[in-house]
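What follows is the content of input18.txt, which has compact mmCIF, C-alpha atoms and all ligand atoms:
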```txt
# COMPACT_ATOMS: atom_id res chain seq x y z
CA MET A 1 15.02 52.96 20.25
CA GLY A 2 14.18 53.06 23.94
CA GLU A 3 14.05 50.42 26.59
CA VAL A 4 11.28 47.94 25.89
CA SER A 5 9.56 46.06 28.65
CA THR A 6 7.49 42.94 28.48
CA ASP A 7 5.68 41.15 31.26
CA LEU A 8 7.87 38.10 30.99
CA GLY A 9 10.26 36.90 33.62
CA THR A 10 13.56 35.21 32.95
CA CYS A 11 13.88 32.33 30.53
CA ARG A 12 12.93 28.86 31.66
CA GLU A 13 16.02 26.76 31.55
CA PRO A 14 16.32 23.03 30.98
CA ALA A 15 17.83 20.86 33.69
CA SER A 16 21.56 20.31 33.38
CA SER A 17 21.04 16.56 33.99
CA GLY A 18 24.49 16.14 35.45
CA ALA A 19 25.79 15.58 31.96
CA ARG A 20 29.07 17.11 30.97
CA ARG A 21 29.17 20.49 29.37
CA VAL A 22 29.99 20.55 25.71
CA GLN A 23 33.22 22.33 24.86
CA PRO A 24 32.60 23.78 21.43
CA VAL A 25 35.34 23.42 18.90
CA THR A 26 36.10 26.55 16.92
CA PRO A 27 37.78 25.29 13.77
CA HIS A 28 38.97 28.73 12.79
CA ALA A 29 41.27 31.16 14.53
CA PRO A 30 39.72 34.30 15.99
CA HIS A 31 39.56 37.09 13.50
CA THR A 32 41.79 39.46 15.40
CA SER A 33 43.39 39.75 18.78
CA ARG A 34 42.61 43.47 18.84
CA LEU A 35 39.71 44.86 20.78
CA THR A 36 36.58 45.48 18.76
CA ILE A 37 33.73 47.54 20.15
CA LEU A 38 30.27 47.12 18.65
CA ARG A 39 27.99 50.11 19.22
CA PRO A 40 24.39 49.37 18.13
CA ALA A 41 21.18 51.20 19.01
CA ALA A 42 20.00 48.36 21.26
CA LEU A 43 20.79 44.89 22.53
CA PHE A 44 18.82 41.76 23.38
CA ASP A 45 21.17 39.81 25.62
CA GLY A 46 19.53 36.39 25.22
CA SER A 47 17.77 36.21 28.56
CA SER A 48 16.58 39.61 29.84
CA PRO A 49 13.03 40.45 28.84
CA ALA A 50 13.89 44.00 27.74
CA LEU A 51 16.35 45.58 25.34
CA LEU A 52 19.37 47.48 26.61
CA ALA A 53 19.58 50.87 24.89
CA ARG A 54 22.80 52.16 23.29
CA PRO A 55 25.16 49.51 24.64
CA SER A 56 28.74 48.90 23.69
CA VAL A 57 29.93 45.32 23.39
CA VAL A 58 33.65 44.72 23.74
CA VAL A 59 35.01 41.74 21.82
CA ALA A 60 38.52 40.35 22.22
CA ASP A 61 39.93 37.09 20.87
CA GLY A 62 36.53 35.92 19.72
CA VAL A 63 34.99 36.32 23.15
CA ILE A 64 32.76 39.03 24.64
CA ALA A 65 34.99 40.80 27.14
CA ALA A 66 32.41 43.25 28.47
CA VAL A 67 28.98 44.76 27.85
CA HIS A 68 28.58 48.42 28.83
CA GLY A 69 25.57 50.73 28.84
CA PRO A 70 25.50 54.08 27.02
CA ALA A 71 28.83 55.92 26.79
CA GLY A 72 30.93 52.87 27.62
CA PRO A 73 34.71 53.35 27.63
CA VAL A 74 36.68 53.11 24.37
CA PRO A 75 40.20 51.85 25.09
CA ALA A 76 42.98 53.30 22.94
CA GLY A 77 43.60 51.29 19.78
CA ALA A 78 40.20 49.57 19.79
CA ASP A 79 38.31 49.18 16.52
CA VAL A 80 34.93 50.83 16.92
CA VAL A 81 32.10 49.48 14.75
CA ASP A 82 29.10 51.81 14.86
CA LEU A 83 25.83 50.09 14.02
CA PRO A 84 23.29 52.93 14.07
CA GLY A 85 19.67 51.85 14.18
CA LEU A 86 20.56 48.17 14.55
CA THR A 87 19.83 45.76 17.38
CA LEU A 88 22.28 43.09 18.49
CA LEU A 89 21.15 39.69 19.58
CA PRO A 90 22.96 36.42 20.28
CA GLY A 91 23.54 34.14 17.31
CA LEU A 92 20.63 31.73 16.88
CA VAL A 93 20.92 28.11 18.03
CA ASP A 94 19.15 25.38 16.05
CA THR A 95 18.78 22.46 18.48
CA HIS A 96 17.78 19.95 15.79
CA LEU A 97 18.83 19.68 12.19
CA HIS A 98 20.40 17.20 9.81
CA LEU A 99 23.32 18.47 7.78
CA CYS A 100 23.36 15.23 5.76
CA PHE A 101 19.82 15.65 4.41
CA ASP A 102 19.73 17.91 1.39
CA ALA A 103 16.27 19.52 1.82
CA SER A 104 15.16 18.05 -1.49
CA LYS A 105 11.99 16.08 -2.16
CA ASP A 106 13.99 12.88 -1.69
CA PRO A 107 16.73 13.40 0.91
CA VAL A 108 16.94 9.66 1.64
CA GLY A 109 17.48 8.73 -2.01
CA HIS A 110 19.98 11.54 -2.41
CA LEU A 111 21.92 10.32 0.60
CA ALA A 112 22.08 6.78 -0.76
CA ASP A 113 23.60 8.12 -3.99
CA THR A 114 26.23 10.32 -2.33
CA SER A 115 29.73 9.26 -1.29
CA ASP A 116 31.06 10.26 2.13
CA GLY A 117 33.54 12.69 0.58
CA LEU A 118 30.92 14.56 -1.40
CA LEU A 119 28.44 14.37 1.46
CA ARG A 120 30.93 16.04 3.79
CA GLU A 121 31.27 18.96 1.37
CA GLN A 122 27.52 19.27 1.04
CA MET A 123 27.15 19.20 4.82
CA ALA A 124 29.64 22.04 5.13
CA GLY A 125 27.60 23.98 2.57
CA ALA A 126 24.43 23.33 4.58
CA ALA A 127 26.15 24.52 7.77
CA ARG A 128 27.36 27.69 6.05
CA ARG A 129 23.88 28.40 4.74
CA ALA A 130 22.59 28.24 8.33
CA LEU A 131 25.38 30.51 9.50
CA ARG A 132 24.71 33.17 6.86
CA ALA A 133 21.11 33.33 8.14
CA GLY A 134 22.35 33.95 11.68
CA VAL A 135 22.37 30.39 13.03
CA THR A 136 25.76 30.35 14.73
CA THR A 137 25.30 27.02 16.54
CA VAL A 138 23.69 23.89 15.15
CA ARG A 139 22.98 20.57 16.83
CA ASP A 140 23.05 17.76 14.29
CA LEU A 141 20.72 15.05 15.58
CA GLY A 142 21.51 12.36 13.07
CA ASP A 143 24.26 11.96 10.50
CA ARG A 144 25.84 9.10 8.58
CA GLY A 145 29.29 7.80 9.46
CA TYR A 146 29.90 10.45 12.17
CA LEU A 147 30.50 13.00 9.41
CA ALA A 148 29.02 15.86 11.46
CA LEU A 149 31.60 15.16 14.20
CA ASP A 150 34.33 15.19 11.63
CA LEU A 151 33.11 18.56 10.37
CA ARG A 152 32.82 19.80 13.97
CA ASP A 153 36.43 18.92 14.70
CA HIS A 154 38.19 19.64 11.43
CA GLY A 155 35.99 21.93 9.32
CA LEU A 156 36.51 21.58 5.61
CA ALA A 157 40.14 21.36 4.49
CA GLY A 158 41.23 24.30 2.37
CA GLU A 159 38.13 26.33 3.20
CA ALA A 160 38.68 29.68 4.89
CA ASP A 161 34.97 30.36 5.44
CA PRO A 162 33.91 29.69 8.99
CA LEU A 163 31.27 27.18 9.98
CA PRO A 164 28.79 27.51 12.82
CA ALA A 165 29.66 25.70 16.05
CA ILE A 166 28.48 22.12 15.60
CA VAL A 167 27.11 19.85 18.33
CA ALA A 168 26.63 16.32 17.05
CA ALA A 169 24.97 13.01 17.89
CA GLY A 170 26.39 10.82 15.14
CA PRO A 171 24.04 8.19 13.69
CA PRO A 172 20.84 8.01 15.76
CA ILE A 173 20.23 4.74 17.58
CA THR A 174 17.26 2.99 15.99
CA THR A 175 15.73 -0.47 15.57
CA PRO A 176 16.61 -2.72 12.61
CA GLY A 177 14.50 -1.36 9.74
CA GLY A 178 13.32 1.46 12.03
CA HIS A 179 13.17 5.22 11.56
CA CYS A 180 16.33 6.45 9.78
CA HIS A 181 17.91 2.96 9.84
CA PHE A 182 19.73 3.97 6.64
CA LEU A 183 21.97 6.26 8.72
CA GLY A 184 23.60 3.13 10.12
CA GLY A 185 22.67 3.27 13.81
CA THR A 186 20.59 0.14 14.23
CA ALA A 187 20.78 -1.94 17.42
CA SER A 188 18.45 -4.03 19.55
CA GLY A 189 18.67 -5.82 22.87
CA GLU A 190 20.26 -4.37 25.98
CA ARG A 191 23.83 -5.49 25.24
CA ALA A 192 23.83 -4.06 21.73
CA LEU A 193 22.16 -0.84 22.82
CA ARG A 194 24.72 -0.26 25.58
CA ALA A 195 27.49 -1.05 23.10
CA ALA A 196 26.00 1.46 20.65
CA VAL A 197 26.08 4.16 23.31
CA ARG A 198 29.69 3.30 24.23
CA GLU A 199 30.73 3.44 20.58
CA ARG A 200 29.28 6.95 20.33
CA ALA A 201 30.97 8.01 23.56
CA GLU A 202 34.31 6.76 22.21
CA ARG A 203 33.72 8.64 18.97
CA GLY A 204 33.21 11.81 20.98
CA VAL A 205 29.55 12.61 20.36
CA ASP A 206 28.00 15.45 22.37
CA VAL A 207 24.61 13.82 22.81
CA ILE A 208 22.94 10.46 22.23
CA LYS A 209 19.96 10.54 19.89
CA VAL A 210 17.53 7.66 20.05
CA MET A 211 14.56 7.08 17.76
CA ALA A 212 12.07 6.13 20.45
CA SER A 213 9.18 6.10 17.98
CA GLY A 214 8.74 5.69 14.25
CA GLY A 215 9.01 8.69 11.97
CA ASN A 216 7.46 10.24 8.92
CA MET A 217 10.33 10.01 6.44
CA THR A 218 11.03 6.27 6.67
CA PRO A 219 8.81 3.94 4.63
CA GLY A 220 7.34 1.22 6.82
CA SER A 221 7.84 3.26 9.98
CA LEU A 222 4.81 4.61 11.87
CA ALA A 223 5.30 7.81 13.85
CA HIS A 224 2.52 7.01 16.30
CA GLU A 225 4.09 3.66 17.27
CA PRO A 226 6.97 3.09 19.70
CA GLN A 227 10.17 1.47 18.40
CA PHE A 228 11.93 0.71 21.67
CA ASP A 229 10.28 -0.52 24.85
CA ALA A 230 10.72 1.18 28.21
CA GLU A 231 13.46 -1.24 29.28
CA SER A 232 15.56 -0.56 26.18
CA LEU A 233 15.22 3.20 26.67
CA ARG A 234 16.30 2.83 30.30
CA ALA A 235 19.42 0.93 29.22
CA ILE A 236 20.34 3.63 26.68
CA VAL A 237 19.85 6.46 29.19
CA ASP A 238 21.73 4.61 31.93
CA GLU A 239 24.71 3.89 29.68
CA ALA A 240 24.75 7.44 28.29
CA HIS A 241 24.61 9.11 31.70
CA ARG A 242 27.35 6.76 32.89
CA HIS A 243 29.49 8.33 30.15
CA GLY A 244 28.37 11.84 31.03
CA LEU A 245 26.28 12.17 27.88
CA PRO A 246 22.74 13.54 27.66
CA VAL A 247 20.07 11.67 25.69
CA THR A 248 17.43 13.20 23.50
CA ALA A 249 14.64 11.02 22.14
CA HIS A 250 12.83 11.45 18.84
CA ALA A 251 9.30 10.70 20.02
CA HIS A 252 6.03 11.30 18.20
CA SER A 253 4.16 8.41 19.79
CA ALA A 254 2.42 9.26 23.06
CA ARG A 255 3.51 5.89 24.47
CA SER A 256 7.15 6.44 23.56
CA ILE A 257 7.14 9.96 25.03
CA ALA A 258 5.87 8.51 28.32
CA ASP A 259 8.47 5.72 28.21
CA ALA A 260 11.32 8.09 27.34
CA VAL A 261 10.39 10.48 30.15
CA ALA A 262 10.17 7.58 32.61
CA ALA A 263 13.57 6.35 31.36
CA GLY A 264 15.13 9.68 32.31
CA VAL A 265 15.93 11.30 28.96
CA ASP A 266 17.18 14.89 28.93
CA GLY A 267 15.25 15.98 25.85
CA ILE A 268 12.25 14.99 23.75
CA GLU A 269 12.23 15.87 20.04
CA HIS A 270 8.94 16.65 18.29
CA ALA A 271 6.76 15.64 21.30
CA THR A 272 3.60 15.41 19.22
CA PHE A 273 1.88 12.80 21.44
CA MET A 274 0.48 10.86 18.48
CA THR A 275 -1.76 7.84 19.00
CA ALA A 276 -3.24 5.50 16.38
CA ASP A 277 -6.27 7.69 15.91
CA GLY A 278 -5.28 11.12 17.18
CA VAL A 279 -3.28 12.85 19.90
CA ASP A 280 -3.22 12.17 23.63
CA ALA A 281 -0.99 14.12 26.00
CA PRO A 282 -1.65 12.77 29.52
CA GLU A 283 -1.47 15.27 32.34
CA ALA A 284 0.92 13.05 34.35
CA VAL A 285 3.47 12.92 31.52
CA ILE A 286 3.33 16.69 31.03
CA ARG A 287 3.82 17.10 34.78
CA ASP A 288 6.96 14.94 34.67
CA ILE A 289 8.34 16.82 31.66
CA VAL A 290 7.84 20.07 33.57
CA SER A 291 9.11 18.94 36.98
CA ARG A 292 12.25 17.37 35.51
CA GLN A 293 12.77 20.34 33.18
CA ILE A 294 13.20 18.07 30.18
CA ALA A 295 13.92 20.15 27.07
CA VAL A 296 11.07 19.86 24.59
CA GLY A 297 12.42 20.28 21.08
CA CYS A 298 9.61 22.00 19.20
CA THR A 299 9.86 21.28 15.50
CA VAL A 300 9.41 24.78 14.12
CA GLY A 301 10.06 26.84 11.00
CA ILE A 302 8.70 26.35 7.49
CA ASP A 303 9.98 28.25 4.47
CA PRO A 304 6.77 29.90 3.26
CA ALA A 305 8.03 29.89 -0.34
CA GLN A 306 8.28 26.08 -0.25
CA ALA A 307 5.46 25.15 2.10
CA GLY A 308 3.12 22.47 0.81
CA PRO A 309 0.20 20.76 2.50
CA PRO A 310 1.22 18.65 5.52
CA MET A 311 1.26 14.86 5.24
CA PRO A 312 -2.25 13.42 5.81
CA GLN A 313 -1.26 11.74 9.09
CA ILE A 314 -0.06 15.15 10.35
CA ALA A 315 -2.86 17.22 8.80
CA ARG A 316 -5.65 15.45 10.63
CA ARG A 317 -3.81 15.76 13.95
CA LEU A 318 -2.52 19.30 13.45
CA ALA A 319 -5.00 21.11 15.68
CA SER A 320 -4.64 18.66 18.58
CA MET A 321 -0.83 18.60 18.23
CA GLY A 322 -0.88 22.40 18.50
CA ALA A 323 -3.09 22.19 21.57
CA ALA A 324 -0.70 19.71 23.21
CA ARG A 325 2.25 22.03 22.60
CA ARG A 326 0.31 24.93 24.07
CA ARG A 327 -0.51 22.85 27.16
CA LEU A 328 3.17 21.99 27.54
CA TYR A 329 4.02 25.68 27.44
CA GLU A 330 1.22 26.73 29.78
CA SER A 331 2.21 23.98 32.23
CA GLY A 332 5.73 25.42 32.41
CA ALA A 333 7.71 23.08 30.13
CA VAL A 334 11.04 24.21 28.71
CA LEU A 335 10.43 24.64 24.98
CA VAL A 336 13.37 25.06 22.62
CA ALA A 337 13.46 25.69 18.89
CA GLY A 338 14.67 22.97 16.55
CA SER A 339 13.93 23.07 12.84
CA ASP A 340 14.60 19.50 11.65
CA ALA A 341 16.17 21.30 8.68
CA GLY A 342 17.17 19.13 5.76
CA VAL A 343 14.21 16.77 5.73
CA SER A 344 12.14 18.47 3.00
CA PRO A 345 12.14 21.43 0.58
CA ALA A 346 10.24 23.51 3.16
CA LYS A 347 13.10 22.85 5.58
CA PRO A 348 16.28 24.37 4.11
CA HIS A 349 19.18 24.62 6.54
CA ASP A 350 18.51 28.29 7.26
CA VAL A 351 14.81 27.77 8.03
CA LEU A 352 15.13 28.54 11.75
CA ARG A 353 14.56 32.22 10.95
CA PHE A 354 10.93 31.31 10.22
CA ALA A 355 10.46 29.65 13.63
CA PRO A 356 8.94 32.59 15.58
CA ALA A 357 5.42 32.22 14.17
CA ASP A 358 5.23 28.57 15.24
CA LEU A 359 6.48 29.37 18.73
CA ALA A 360 4.03 32.26 19.03
CA SER A 361 1.16 29.90 18.25
CA ALA A 362 2.20 27.81 21.28
CA GLY A 363 1.71 30.93 23.41
CA LEU A 364 5.27 32.20 23.80
CA GLY A 365 5.75 35.98 23.83
CA PRO A 366 8.49 37.72 21.81
CA ALA A 367 11.23 37.65 24.47
CA GLU A 368 10.51 34.01 25.28
CA ILE A 369 10.63 33.12 21.62
CA LEU A 370 14.05 34.70 21.34
CA CYS A 371 15.17 32.85 24.48
CA ALA A 372 13.95 29.57 22.96
CA MET A 373 16.11 30.32 19.92
CA THR A 374 19.20 31.54 21.82
CA SER A 375 20.03 31.08 25.51
CA ARG A 376 17.59 28.28 26.29
CA ALA A 377 18.46 26.45 23.09
CA ALA A 378 22.16 26.74 23.92
CA GLN A 379 21.48 25.29 27.35
CA ALA A 380 19.63 22.34 25.82
CA CYS A 381 22.70 21.73 23.66
CA GLY A 382 25.04 21.72 26.68
CA LEU A 383 26.43 25.11 25.67
CA GLY A 384 24.60 27.36 28.09
CA HIS A 385 27.93 28.57 29.50
CA ARG A 386 29.36 29.70 26.14
CA LYS A 387 26.57 30.36 23.64
CA GLY A 388 23.20 32.05 23.37
CA ARG A 389 23.88 35.19 25.38
CA ILE A 390 25.63 38.49 24.88
CA ALA A 391 27.43 38.69 28.18
CA SER A 392 30.98 38.81 29.43
CA GLY A 393 32.79 35.49 28.89
CA PHE A 394 30.45 34.23 26.16
CA ASP A 395 31.59 33.52 22.62
CA ALA A 396 31.17 36.52 20.34
CA ASP A 397 28.46 34.91 18.20
CA ILE A 398 26.43 38.01 17.52
CA LEU A 399 23.80 39.17 15.02
CA ALA A 400 22.95 42.73 14.06
CA ILE A 401 19.41 43.15 12.76
CA ASP A 402 17.36 46.05 11.50
CA GLY A 403 14.54 46.73 13.95
CA ASN A 404 13.29 45.79 17.38
CA PRO A 405 12.65 42.02 17.52
CA LEU A 406 10.43 42.40 20.59
CA ASP A 407 8.08 44.59 18.54
CA ASP A 408 8.36 42.56 15.34
CA LEU A 409 10.04 39.17 15.25
CA ALA A 410 10.33 39.35 11.46
CA ALA A 411 13.24 41.68 12.21
CA ILE A 412 15.43 38.60 12.80
CA ARG A 413 15.29 38.11 9.02
CA LYS A 414 16.52 41.66 8.41
CA LEU A 415 20.04 40.56 9.10
CA ARG A 416 22.76 43.17 8.64
CA ALA A 417 25.73 41.41 10.22
CA VAL A 418 26.70 38.01 11.61
CA TYR A 419 29.74 37.44 13.78
CA VAL A 420 30.87 33.98 14.76
CA GLY A 421 33.68 33.87 17.31
CA GLY A 422 34.08 37.62 16.72
CA ARG A 423 34.63 37.10 13.02
CA PRO A 424 32.27 38.79 10.56
CA VAL A 425 30.51 36.36 8.23
CA VAL A 426 27.86 38.70 6.91
CA ALA A 427 29.36 42.16 6.88
CA ALA A 428 28.15 45.01 9.03
CA PRO A 429 27.40 48.09 6.93
CA GLY A 430 30.48 50.25 6.80
CA ASN A 431 32.54 47.68 8.69
CA PRO A 432 35.97 47.68 7.07
CA ASP A 433 36.66 44.18 8.40
CA SER A 434 33.96 42.55 6.30
CA SER A 435 35.21 39.30 4.86
CA GLU A 436 32.15 38.34 2.88
CA GLN A 437 29.18 40.24 1.55
CA ARG A 438 25.84 38.61 1.33
ZN ZN B 501 15.26 15.00 12.94
```
Do you think you could lay out the structure here as structure tokens?
Amino acid sequence: MGEVSTDLGTCREPASSGARRVQPVTPHAPHTSRLTILRPAALFDGSSPALLARPSVVVADGVIAAVHGPAGPVPAGADVVDLPGLTLLPGLVDTHLHLCFDASKDPVGHLADTSDGLLREQMAGAARRALRAGVTTVRDLGDRGYLALDLRDHGLAGEADPLPAIVAAGPPITTPGGHCHFLGGTASGERALRAAVRERAERGVDVIKVMASGGNMTPGSLAHEPQFDAESLRAIVDEAHRHGLPVTAHAHSARSIADAVAAGVDGIEHATFMTADGVDAPEAVIRDIVSRQIAVGCTVGIDPAQAGPPMPQIARRLASMGAARRRLYESGAVLVAGSDAGVSPAKPHDVLRFAPADLASAGLGPAEILCAMTSRAAQACGLGHRKGRIASGFDADILAIDGNPLDDLAAIRKLRAVYVGGRPVVAAPGNPDSSEQR
């Protein structure tokens, strides 16, 4: 496999927003303190638009110590893992999922019937499912009872299997009776909203999630209508930034997207620009999203085996929602991949691997799609310094796939090995260190 060029420049990166960097917790010890050298046919490093041919990647203590070109040095005593014909890429980053939703037809009902103890176990199972599909970092944008934070910090007692790195928001802030109110994050009025942000900061969340508009999975909630007014959103953002926390807003409604952008949010989830009778993405709002480099969380990835017809309110807006996303991309917005996994049967927790087709329809080329699923996604999660790239000093979260993803993005589903923190989760062929076969 030779060097592959595309006409794309470097990845667009979201603004850092002055918010603190997330320090990922690795709940498991590194696999080995010995040097391991991975020698694949090619490497996508997470940000360069071309593959590096015949690299060697040196891993020590769960971290990438060096990346060499062909014929890199092999220190005495190093374990060499030859991966002929395979391409390495950074572990995928899902910027938006819900470990507490079970991807059934009735995730809300299921949640109501599940105790915290059982839910925690199921959430760990969901996280492991993502990991086995190559998603080595997940950002949970809405849990119940801060269970995703608990899992982030402590893993699952008695379980040796690793989890992906978890970035977590805790219960999303919403209005009484509003979208996902059943997760327990309701508040209204400036005092209560600021208190809600402070509670999350004290709990140690990585990001504040606010339901700026209604949503599709909550009865009585309308996605095209705002939930919070501009003043409330400003209070949330002000209090969050005061605590060094970024804010990302669930926003379908065109009005709530405009209000959230004006309030200074760091990310917009969904960004479908819905109005009562259609879709309206004003030029001025798109300009602000671009100039402030607000991360746009594109809701992408459908399991084709489970895909059903979209909800009527989505179906009749589908074409214009697609056009709005394409305009965002063409205007220079930072688009990142988030699956919203967990919310329906078509959204199992490993569904991110089906995201490329949706991103391609917004106009992104292959290298940009991979950026949106790795380095740029990591940056949107506050982990741009540790995750999403295969480079010296980054965590050894690495996938080995069969094929060249820049020629055929379906190759990301031909997964041959997954390493998280240098530890094999899905075994490389012939790798004697394999701890688990798929
Ligand atoms: Zn969501």
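Near ligand ZN 501 (chain B), at distances of 9 Å or less and with only C-alpha atoms and all ligand atoms counted, sit the residues His96, Leu97, His98, Asp140, Leu141, Gly142, Gly215, His250, Glu269, His270, Thr299, Gly338, Ser339, Asp340, Ala341, Gly342 and Val343 of chain A.
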Nearest to Pro164 (chain A), chosen from A:Ala196, A:Ala126, A:Ala380, A:Leu233, with all atoms listed in the file counted in the distances: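 The answer is A:Ala126, which sits nearest to Pro164 (chain A).
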Do a neighbour search on Lys387 (chain A) at 7 Å with only C-alpha atoms, toss out local chain neighbours closer than 5 positions, and write the hits as a PyMOL selection string. chain A and resi 375+378+394-395
What is the CA of Asp407 (chain A) to CA of His68 (chain A) distance in Å?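 These atoms are spaced 23.3 Å apart.
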Using only C-alpha atoms, which residues sit within 8 Å of region 77-94 of chain A once same-chain residues fewer than 5 positions away are excluded, as a VMD selection string? chain A and resid 1 34 to 46 134 to 139 337 to 339 352 373 to 374 377 to 378 387 to 390 397 to 404 418 to 420 428 to 429 431
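Among the candidates A:Leu52, A:Met321, A:Ala187, A:Val205, the one nearest to Asp153 (chain A) when counting all atoms listed in the file is A:Val205.
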CA of Asp106 (chain A) to CA of Ala127 (chain A), straight-line distance in Å: 19.3 Å
Please list as JSON, numbers by chain every residue within 6 Å of Ile173 (chain A), counting all atoms listed in the file and excluding residues in the same chain fewer than 2 positions away. {"A": [185, 186, 210]}
Option closest in space to Gly170 (chain A), from A:Asp143, A:Glu283, A:Asp277, A:Asp116 [counting only C-alpha atoms]: A:Asp143
Tell me, as an MDAnalysis selection string, which residues lie within 9 Å of Arg413 (chain A), counting all atoms listed in the file; anything in the same chain fewer than 2 positions away does not count. chainID A and resid 133:134 353:354 401:402 409:411 415
Create the file for the chosen residues now, containing C-alpha atoms and written as a PDB file, in the frame of the given file.
```pdb
ATOM      1  CA  ALA A 133      21.110  33.330   8.140  1.00  0.00           C
ATOM      2  CA  GLY A 134      22.350  33.950  11.680  1.00  0.00           C
ATOM      3  CA  ARG A 353      14.560  32.220  10.950  1.00  0.00           C
ATOM      4  CA  PHE A 354      10.930  31.310  10.220  1.00  0.00           C
ATOM      5  CA  ILE A 401      19.410  43.150  12.760  1.00  0.00           C
ATOM      6  CA  ASP A 402      17.360  46.050  11.500  1.00  0.00           C
ATOM      7  CA  LEU A 409      10.040  39.170  15.250  1.00  0.00           C
ATOM      8  CA  ALA A 410      10.330  39.350  11.460  1.00  0.00           C
ATOM      9  CA  ALA A 411      13.240  41.680  12.210  1.00  0.00           C
ATOM     10  CA  LEU A 415      20.040  40.560   9.100  1.00  0.00           C
TER      11      LEU A 415
END
```
Generate the coordinates of all heavy atoms for region 284-289 of chain A; report them as a PDB file, in the coordinates of the input.
```pdb
ATOM      1  N   ALA A 284      -0.185  13.543  33.519  1.00  0.00           N
ATOM      2  CA  ALA A 284       0.920  13.050  34.350  1.00  0.00           C
ATOM      3  C   ALA A 284       2.253  13.136  33.605  1.00  0.00           C
ATOM      4  O   ALA A 284       3.291  13.447  34.195  1.00  0.00           O
ATOM      5  CB  ALA A 284       0.645  11.611  34.791  1.00  0.00           C
ATOM      6  N   VAL A 285       2.228  12.869  32.303  1.00  0.00           N
ATOM      7  CA  VAL A 285       3.470  12.920  31.520  1.00  0.00           C
ATOM      8  C   VAL A 285       3.931  14.384  31.385  1.00  0.00           C
ATOM      9  O   VAL A 285       5.113  14.699  31.546  1.00  0.00           O
ATOM     10  CB  VAL A 285       3.275  12.287  30.125  1.00  0.00           C
ATOM     11  CG1 VAL A 285       4.541  12.412  29.297  1.00  0.00           C
ATOM     12  CG2 VAL A 285       2.869  10.820  30.263  1.00  0.00           C
ATOM     13  N   ILE A 286       2.983  15.257  31.116  1.00  0.00           N
ATOM     14  CA  ILE A 286       3.330  16.690  31.030  1.00  0.00           C
ATOM     15  C   ILE A 286       3.915  17.150  32.360  1.00  0.00           C
ATOM     16  O   ILE A 286       4.920  17.870  32.390  1.00  0.00           O
ATOM     17  CB  ILE A 286       2.084  17.520  30.633  1.00  0.00           C
ATOM     18  CG1 ILE A 286       1.723  17.216  29.162  1.00  0.00           C
ATOM     19  CG2 ILE A 286       2.341  19.011  30.838  1.00  0.00           C
ATOM     20  CD1 ILE A 286       0.628  18.063  28.583  1.00  0.00           C
ATOM     21  N   ARG A 287       3.313  16.711  33.448  1.00  0.00           N
ATOM     22  CA  ARG A 287       3.820  17.100  34.780  1.00  0.00           C
ATOM     23  C   ARG A 287       5.272  16.666  34.963  1.00  0.00           C
ATOM     24  O   ARG A 287       6.106  17.410  35.460  1.00  0.00           O
ATOM     25  CB  ARG A 287       2.925  16.498  35.863  1.00  0.00           C
ATOM     26  CG  ARG A 287       2.386  17.538  36.814  1.00  0.00           C
ATOM     27  CD  ARG A 287       1.630  17.002  38.025  1.00  0.00           C
ATOM     28  NE  ARG A 287       1.353  15.580  38.061  1.00  0.00           N
ATOM     29  CZ  ARG A 287       0.144  15.054  37.825  1.00  0.00           C
ATOM     30  NH1 ARG A 287      -0.871  15.824  37.491  1.00  0.00           N
ATOM     31  NH2 ARG A 287      -0.035  13.750  37.915  1.00  0.00           N
ATOM     32  N   ASP A 288       5.577  15.438  34.541  1.00  0.00           N
ATOM     33  CA  ASP A 288       6.960  14.940  34.670  1.00  0.00           C
ATOM     34  C   ASP A 288       7.923  15.728  33.795  1.00  0.00           C
ATOM     35  O   ASP A 288       9.045  16.030  34.196  1.00  0.00           O
ATOM     36  CB  ASP A 288       7.033  13.455  34.298  1.00  0.00           C
ATOM     37  CG  ASP A 288       6.521  12.555  35.410  1.00  0.00           C
ATOM     38  OD1 ASP A 288       6.229  13.083  36.509  1.00  0.00           O
ATOM     39  OD2 ASP A 288       6.395  11.339  35.174  1.00  0.00           O
ATOM     40  N   ILE A 289       7.490  16.032  32.573  1.00  0.00           N
ATOM     41  CA  ILE A 289       8.340  16.820  31.660  1.00  0.00           C
ATOM     42  C   ILE A 289       8.667  18.164  32.306  1.00  0.00           C
ATOM     43  O   ILE A 289       9.801  18.641  32.259  1.00  0.00           O
ATOM     44  CB  ILE A 289       7.641  17.004  30.299  1.00  0.00           C
ATOM     45  CG1 ILE A 289       7.611  15.674  29.538  1.00  0.00           C
ATOM     46  CG2 ILE A 289       8.323  18.087  29.471  1.00  0.00           C
ATOM     47  CD1 ILE A 289       6.792  15.701  28.244  1.00  0.00           C
TER      48      ILE A 289
END
```
